[in-house]
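Since the structure comes first, as structure tokens, the remarks are kept for the end.
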Amino acid sequence: MNREEYLQALTDKVRPMFAEHGASVPDKVHVSVGFPSRNALSTRRRTIGQCWPNECSADGHPHIFISPLLDASDAAHVLVHELVHAVVGCKYGHKGPFVRLMKQIGLEGKPTATVPGQALIGRLNALLAELDDYPHAVLS
């Protein structure tokens, strides 16, 4: 399994978490490891994930990029954050529907820099334990 397949498998495993709140992750979401379009290496405001809306994609499906600077645990919660964007629509940014769903899912903190709450950490750790090791070497 390569890292994109790993992140796709993790996406499938978190779908029920969204469904518990009446939210549906799009059937197809492209998930890749790659640097976001801006602030990828910033020391003050580093961007560690990015969701591009389906309107930007030739095949009509959202694209999510997870920073190669992240380990499996951090990649998992960033993936959840970016999936919230894919679910509610990128047009809302970090406001309104995004904030409501991020809190329901278990993300905490400032909407532009969420962290997983204790319950979400536990759920993500259990899901990660079901997968093999993250096939990725963190960049530094």
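Ordering of the structure tokens sets the chain letters (A, B, ...); residue numbers start at 1 within each chain; ligands are numbered from 1 in the order shown.
Every protein, DNA or RNA residue with an atom at most 9 Å from stretch 69-81 of chain A, where only C-alpha atoms count and chain neighbours fewer than 5 positions away do not, is listed here: A:Leu7, A:Leu10, A:Thr11, A:Val14, A:Val31, A:Phe35, A:Ile48, A:Gly49, A:Gln50, A:Ile64, A:Met102, A:Ile105, A:Leu107, A:Thr114, A:Val115, A:Pro116, A:Leu120, A:Ile121, A:Leu124, A:Asn125, A:Leu128, A:Asp133, A:Tyr134, A:Pro135, A:His136, A:Ala137, A:Val138, A:Leu139, A:Ser140.
Secondary structure from DSSP on the backbone puts strand (DSSP E) at the following positions of stretch 40-140 of chain A: Gly49, Gln50, Cys51, Trp52, His63, Ile64, Phe65, Ile66, Leu107, Glu108, Val115 and Pro116 of chain A.
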*Determine, counting only C-alpha atoms, which protein, DNA and RNA residues have an atom within 12 Å of an atom of A:Leu101; residues of the same chain fewer than 6 positions away are not included. Present the result as a list of chain:residue names.*
A:Met17, A:Phe18, A:Ala19, A:Glu20, A:His21, A:Gly22, A:Ala23, A:Ser24, A:Val25, A:Val80, A:His81, A:Glu82, A:Leu83, A:Val84, A:His85, A:Ala86, A:Val87, A:Val88, A:Gly89, A:Tyr92, A:His94, A:Lys95, A:Leu107, A:Glu108, A:Pro111
Selected residues, N, CA and C atoms, written as a compact mmCIF listing (two decimals), in the first residue's frame, please.
```txt
# COMPACT_ATOMS: atom_id res chain seq x y z
N MET A 17 -17.96 8.24 10.98
CA MET A 17 -17.93 9.34 11.94
C MET A 17 -18.74 10.51 11.42
N PHE A 18 -18.65 10.77 10.13
CA PHE A 18 -19.41 11.85 9.52
C PHE A 18 -20.89 11.48 9.46
N ALA A 19 -21.17 10.24 9.10
CA ALA A 19 -22.55 9.77 8.98
C ALA A 19 -23.30 9.89 10.30
N GLU A 20 -22.59 9.71 11.42
CA GLU A 20 -23.21 9.85 12.75
C GLU A 20 -23.82 11.24 12.94
N HIS A 21 -23.36 12.20 12.18
CA HIS A 21 -23.83 13.58 12.30
C HIS A 21 -24.62 14.02 11.08
N GLY A 22 -25.08 13.04 10.31
CA GLY A 22 -25.90 13.35 9.13
C GLY A 22 -25.11 13.91 7.97
N ALA A 23 -23.80 13.76 8.00
CA ALA A 23 -22.95 14.29 6.94
C ALA A 23 -22.42 13.14 6.09
N SER A 24 -22.27 13.41 4.82
CA SER A 24 -21.81 12.36 3.91
C SER A 24 -20.55 12.81 3.19
N VAL A 25 -19.48 12.05 3.39
CA VAL A 25 -18.23 12.31 2.66
C VAL A 25 -18.49 11.96 1.20
N VAL A 80 -9.17 14.59 8.52
CA VAL A 80 -10.53 14.83 9.00
C VAL A 80 -10.92 16.29 8.80
N HIS A 81 -10.03 17.20 9.14
CA HIS A 81 -10.29 18.64 8.94
C HIS A 81 -10.60 18.92 7.47
N GLU A 82 -9.78 18.40 6.57
CA GLU A 82 -9.98 18.67 5.15
C GLU A 82 -11.24 17.98 4.62
N LEU A 83 -11.58 16.83 5.17
CA LEU A 83 -12.83 16.17 4.78
C LEU A 83 -14.04 16.99 5.20
N VAL A 84 -13.94 17.71 6.31
CA VAL A 84 -15.04 18.61 6.70
C VAL A 84 -15.24 19.63 5.59
N HIS A 85 -14.16 20.18 5.04
CA HIS A 85 -14.28 21.11 3.92
C HIS A 85 -14.97 20.44 2.73
N ALA A 86 -14.55 19.21 2.42
CA ALA A 86 -15.13 18.49 1.28
C ALA A 86 -16.62 18.23 1.48
N VAL A 87 -17.01 17.99 2.71
CA VAL A 87 -18.41 17.69 3.01
C VAL A 87 -19.29 18.94 2.94
N VAL A 88 -18.88 20.01 3.61
CA VAL A 88 -19.74 21.20 3.68
C VAL A 88 -19.57 22.11 2.47
N GLY A 89 -18.46 21.99 1.78
CA GLY A 89 -18.18 22.86 0.65
C GLY A 89 -17.13 23.88 1.02
N TYR A 92 -17.51 27.81 2.21
CA TYR A 92 -17.75 28.32 3.56
C TYR A 92 -16.45 28.62 4.31
N HIS A 94 -13.75 28.62 6.81
CA HIS A 94 -13.72 28.15 8.20
C HIS A 94 -14.84 28.79 9.01
N LYS A 95 -16.01 28.96 8.39
CA LYS A 95 -17.14 29.61 9.04
C LYS A 95 -18.38 28.73 8.97
N LEU A 107 -13.19 17.98 16.36
CA LEU A 107 -12.07 18.91 16.21
C LEU A 107 -12.31 20.10 17.12
N GLU A 108 -11.25 20.61 17.68
CA GLU A 108 -11.33 21.73 18.62
C GLU A 108 -10.38 22.84 18.20
N PRO A 111 -10.86 27.45 14.14
CA PRO A 111 -11.23 26.71 12.93
C PRO A 111 -10.14 26.64 11.86
```
*Nearest to A:Arg15 among A:Trp52, A:Arg3, A:Val29, A:Val99, with distances taken over only C-alpha atoms: which residue is it?*
A:Val29
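By only C-alpha atoms, and with residues fewer than 5 positions from stretch 55-57 of chain A along its chain excluded, the set lying at most 10 Å from it is His30, Pro62, His63 and Cys90 of chain A.
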*Per DSSP on the backbone, filter stretch 14-67 of chain A down to the residues in helix (DSSP H, G or I) and report them as an MDAnalysis selection string.*
chainID A and resid 14:19 54:56
Requested write-out: N, CA, C and O atoms of the selected residues, as a CSV table (one decimal), in the first residue's frame:
```csv
chain,number,residue,atom,x,y,z
A,14,VAL,N,-13.2,6.7,8.2
A,14,VAL,CA,-13.8,7.8,9.0
A,14,VAL,C,-15.2,8.2,8.5
A,14,VAL,O,-15.9,9.0,9.1
A,15,ARG,N,-15.6,7.7,7.3
A,15,ARG,CA,-16.9,8.0,6.8
A,15,ARG,C,-18.0,7.8,7.8
A,15,ARG,O,-18.9,8.7,7.9
A,16,PRO,N,-18.0,6.7,8.6
A,16,PRO,CA,-19.1,6.6,9.6
A,16,PRO,C,-19.1,7.7,10.7
A,16,PRO,O,-20.2,8.0,11.2
A,17,MET,N,-18.0,8.2,11.0
A,17,MET,CA,-17.9,9.3,11.9
A,17,MET,C,-18.7,10.5,11.4
A,17,MET,O,-19.4,11.2,12.2
A,18,PHE,N,-18.6,10.8,10.1
A,18,PHE,CA,-19.4,11.9,9.5
A,18,PHE,C,-20.9,11.5,9.5
A,18,PHE,O,-21.8,12.3,9.7
A,19,ALA,N,-21.2,10.2,9.1
A,19,ALA,CA,-22.6,9.8,9.0
A,19,ALA,C,-23.3,9.9,10.3
A,19,ALA,O,-24.5,10.2,10.3
A,54,ASN,N,-14.6,20.4,-5.6
A,54,ASN,CA,-14.9,19.6,-6.8
A,54,ASN,C,-15.0,20.5,-8.1
A,54,ASN,O,-14.7,20.1,-9.2
A,55,GLU,N,-15.4,21.8,-7.9
A,55,GLU,CA,-15.5,22.7,-9.1
A,55,GLU,C,-14.1,22.9,-9.7
A,55,GLU,O,-14.1,23.3,-10.9
A,56,CYS,N,-13.0,22.7,-9.0
A,56,CYS,CA,-11.7,23.0,-9.6
A,56,CYS,C,-11.1,21.7,-10.3
A,56,CYS,O,-10.1,21.8,-10.9
```
